[in-house]
Amino acid sequence: MLIVEDDEAFRSRLARAIQARGFDVAVASNLEEARARISDEAPEFAVLDLRVPGGYGLDLIASLKAADPNTRIVVLTGYGSIATAVDAVRRGATHYLTKPVETDEILAAFDQNAAGGTTTAEALRPMSLDRVEWEHINRVLVDCGGNVSEAARLLGLHRRSLQRKLAKYPRPE
């Protein structure tokens, strides 16, 4: 199994937990390392973080599928959205999960027929336009390092208007 995750603590904890369940694990913290691991040996399973240094985690799906078309891929993200979930599945991901996530959830996601598991389609609940807007705003805010004034400028909003929109929904965990 290949784990591509930029958060070192989460990556090592997940690798240890998956190794304890009998898997051989290779890890990568960025796209360049991941591509090197894929060229060394095509993994049977892969866990990809959506946002990693060097680019977009979904860009690895094509490399994984070229190395082994049967590779099962689970995409993880801290800021899930319908658009990225659909993009992941179209590119060939088996499943799409939002963080925080437990090791058993990840392993169950590899098996589309797992008892009690949800399919990718069931996991994608329709969101209201307000919620989609809020998620986009929150993503811009994260990209600005939490600087509300900078995010408001990029979004073309007044700072107070942005603060009111952010207060409509709780911050993602």
# chains A, B, ... in the order shown; residues from 1 in each chain; ligands from 1
$ select_by_dssp --residues "stretch 14-114 of chain A" --states "strand (DSSP E)" --output "number ranges by chain"
A: 26-28, 45-49, 51-52, 55-56, 72-77, 95-98
$ write_last_selection --atoms "N, CA and C atoms" --output "PDB file, in the first residue's frame"
ATOM      1  N   ALA A  26       4.404   1.654   1.909  1.00  0.00           N
ATOM      2  CA  ALA A  26       5.386   2.640   1.457  1.00  0.00           C
ATOM      3  C   ALA A  26       4.731   3.998   1.647  1.00  0.00           C
ATOM      4  N   VAL A  27       5.518   5.006   2.014  1.00  0.00           N
ATOM      5  CA  VAL A  27       4.961   6.334   2.256  1.00  0.00           C
ATOM      6  C   VAL A  27       5.674   7.367   1.392  1.00  0.00           C
ATOM      7  N   ALA A  28       4.954   8.447   1.122  1.00  0.00           N
ATOM      8  CA  ALA A  28       5.509   9.584   0.391  1.00  0.00           C
ATOM      9  C   ALA A  28       4.869  10.852   0.941  1.00  0.00           C
ATOM     10  N   PHE A  45      -2.806  -1.052  -3.426  1.00  0.00           N
ATOM     11  CA  PHE A  45      -3.688  -0.078  -2.789  1.00  0.00           C
ATOM     12  C   PHE A  45      -2.941   1.248  -2.636  1.00  0.00           C
ATOM     13  N   ALA A  46      -3.680   2.363  -2.690  1.00  0.00           N
ATOM     14  CA  ALA A  46      -3.073   3.678  -2.489  1.00  0.00           C
ATOM     15  C   ALA A  46      -4.042   4.574  -1.738  1.00  0.00           C
ATOM     16  N   VAL A  47      -3.491   5.341  -0.791  1.00  0.00           N
ATOM     17  CA  VAL A  47      -4.237   6.357  -0.063  1.00  0.00           C
ATOM     18  C   VAL A  47      -3.604   7.691  -0.432  1.00  0.00           C
ATOM     19  N   LEU A  48      -4.377   8.564  -1.083  1.00  0.00           N
ATOM     20  CA  LEU A  48      -3.854   9.836  -1.571  1.00  0.00           C
ATOM     21  C   LEU A  48      -4.509  11.007  -0.862  1.00  0.00           C
ATOM     22  N   ASP A  49      -3.688  11.909  -0.358  1.00  0.00           N
ATOM     23  CA  ASP A  49      -4.204  13.173   0.158  1.00  0.00           C
ATOM     24  C   ASP A  49      -4.481  14.053  -1.049  1.00  0.00           C
ATOM     25  N   ARG A  51      -4.457  17.381  -1.326  1.00  0.00           N
ATOM     26  CA  ARG A  51      -3.528  18.496  -1.461  1.00  0.00           C
ATOM     27  C   ARG A  51      -2.188  18.111  -0.849  1.00  0.00           C
ATOM     28  N   VAL A  52      -1.174  17.943  -1.711  1.00  0.00           N
ATOM     29  CA  VAL A  52       0.167  17.601  -1.254  1.00  0.00           C
ATOM     30  C   VAL A  52       1.179  18.532  -1.913  1.00  0.00           C
ATOM     31  N   GLY A  55       1.834  19.626  -5.956  1.00  0.00           N
ATOM     32  CA  GLY A  55       0.670  19.568  -6.835  1.00  0.00           C
ATOM     33  C   GLY A  55      -0.571  19.003  -6.193  1.00  0.00           C
ATOM     34  N   TYR A  56      -1.365  18.414  -7.038  1.00  0.00           N
ATOM     35  CA  TYR A  56      -2.692  17.924  -6.716  1.00  0.00           C
ATOM     36  C   TYR A  56      -2.629  16.410  -6.609  1.00  0.00           C
ATOM     37  N   ARG A  72      -6.351  -0.072  -6.306  1.00  0.00           N
ATOM     38  CA  ARG A  72      -7.523   0.518  -5.649  1.00  0.00           C
ATOM     39  C   ARG A  72      -7.056   1.755  -4.902  1.00  0.00           C
ATOM     40  N   ILE A  73      -7.761   2.875  -5.118  1.00  0.00           N
ATOM     41  CA  ILE A  73      -7.312   4.169  -4.614  1.00  0.00           C
ATOM     42  C   ILE A  73      -8.388   4.819  -3.753  1.00  0.00           C
ATOM     43  N   VAL A  74      -7.983   5.275  -2.566  1.00  0.00           N
ATOM     44  CA  VAL A  74      -8.863   6.047  -1.698  1.00  0.00           C
ATOM     45  C   VAL A  74      -8.249   7.440  -1.574  1.00  0.00           C
ATOM     46  N   VAL A  75      -9.057   8.457  -1.840  1.00  0.00           N
ATOM     47  CA  VAL A  75      -8.618   9.846  -1.748  1.00  0.00           C
ATOM     48  C   VAL A  75      -9.106  10.421  -0.421  1.00  0.00           C
ATOM     49  N   LEU A  76      -8.194  11.079   0.303  1.00  0.00           N
ATOM     50  CA  LEU A  76      -8.528  11.731   1.573  1.00  0.00           C
ATOM     51  C   LEU A  76      -8.403  13.239   1.409  1.00  0.00           C
ATOM     52  N   THR A  77      -9.287  13.970   2.066  1.00  0.00           N
ATOM     53  CA  THR A  77      -9.176  15.426   2.056  1.00  0.00           C
ATOM     54  C   THR A  77      -9.762  16.014   3.328  1.00  0.00           C
ATOM     55  N   HIS A  95     -12.731   5.317  -3.840  1.00  0.00           N
ATOM     56  CA  HIS A  95     -13.547   5.974  -2.825  1.00  0.00           C
ATOM     57  C   HIS A  95     -12.932   7.323  -2.465  1.00  0.00           C
ATOM     58  N   TYR A  96     -13.714   8.152  -1.798  1.00  0.00           N
ATOM     59  CA  TYR A  96     -13.330   9.513  -1.425  1.00  0.00           C
ATOM     60  C   TYR A  96     -13.803   9.728   0.006  1.00  0.00           C
ATOM     61  N   LEU A  97     -12.882  10.045   0.911  1.00  0.00           N
ATOM     62  CA  LEU A  97     -13.237  10.232   2.316  1.00  0.00           C
ATOM     63  C   LEU A  97     -12.744  11.583   2.813  1.00  0.00           C
ATOM     64  N   THR A  98     -13.513  12.181   3.718  1.00  0.00           N
ATOM     65  CA  THR A  98     -13.074  13.435   4.324  1.00  0.00           C
ATOM     66  C   THR A  98     -12.469  13.157   5.699  1.00  0.00           C
TER      67      THR A  98
END
$ atom_distance --atom1 "atom CA of A:Arg91" --atom2 "atom CA of A:Ile61"
6.5 Å
$ closest_residue --among "A:Val89, A:Ser29, A:Val148, A:Lys168" --to "A:Asp7" --atoms "only C-alpha atoms"
A:Ser29
$ closest_residue --among "A:Asp111, A:Asp143, A:Glu150, A:Glu5" --to "A:Lys99" --atoms "only C-alpha atoms"
A:Glu5
$ select_by_dssp --residues "stretch 23-145 of chain A" --states "alpha helix (DSSP H)" --output "number ranges by chain"
A: 31-40, 60-67, 82-91, 103-110, 120-123, 129-143
$ atom_distance --atom1 "atom CA of A:Ala108" --atom2 "atom CA of A:Ala34"
22.8 Å
$ atom_distance --atom1 "atom CA of A:Ala152" --atom2 "atom CA of A:Thr84"
23.3 Å
$ residues_around --residues "A:Thr71" --least-positions-apart "5" --cutoff "10 Å" --atoms "only C-alpha atoms" --output "list in words"
Met1, Ala42, Pro43, Glu44, Phe45, Ala46, Ile61, Leu64, Lys65, Ala66, Gly92, Ala93, Thr94 and Phe110 of chain A
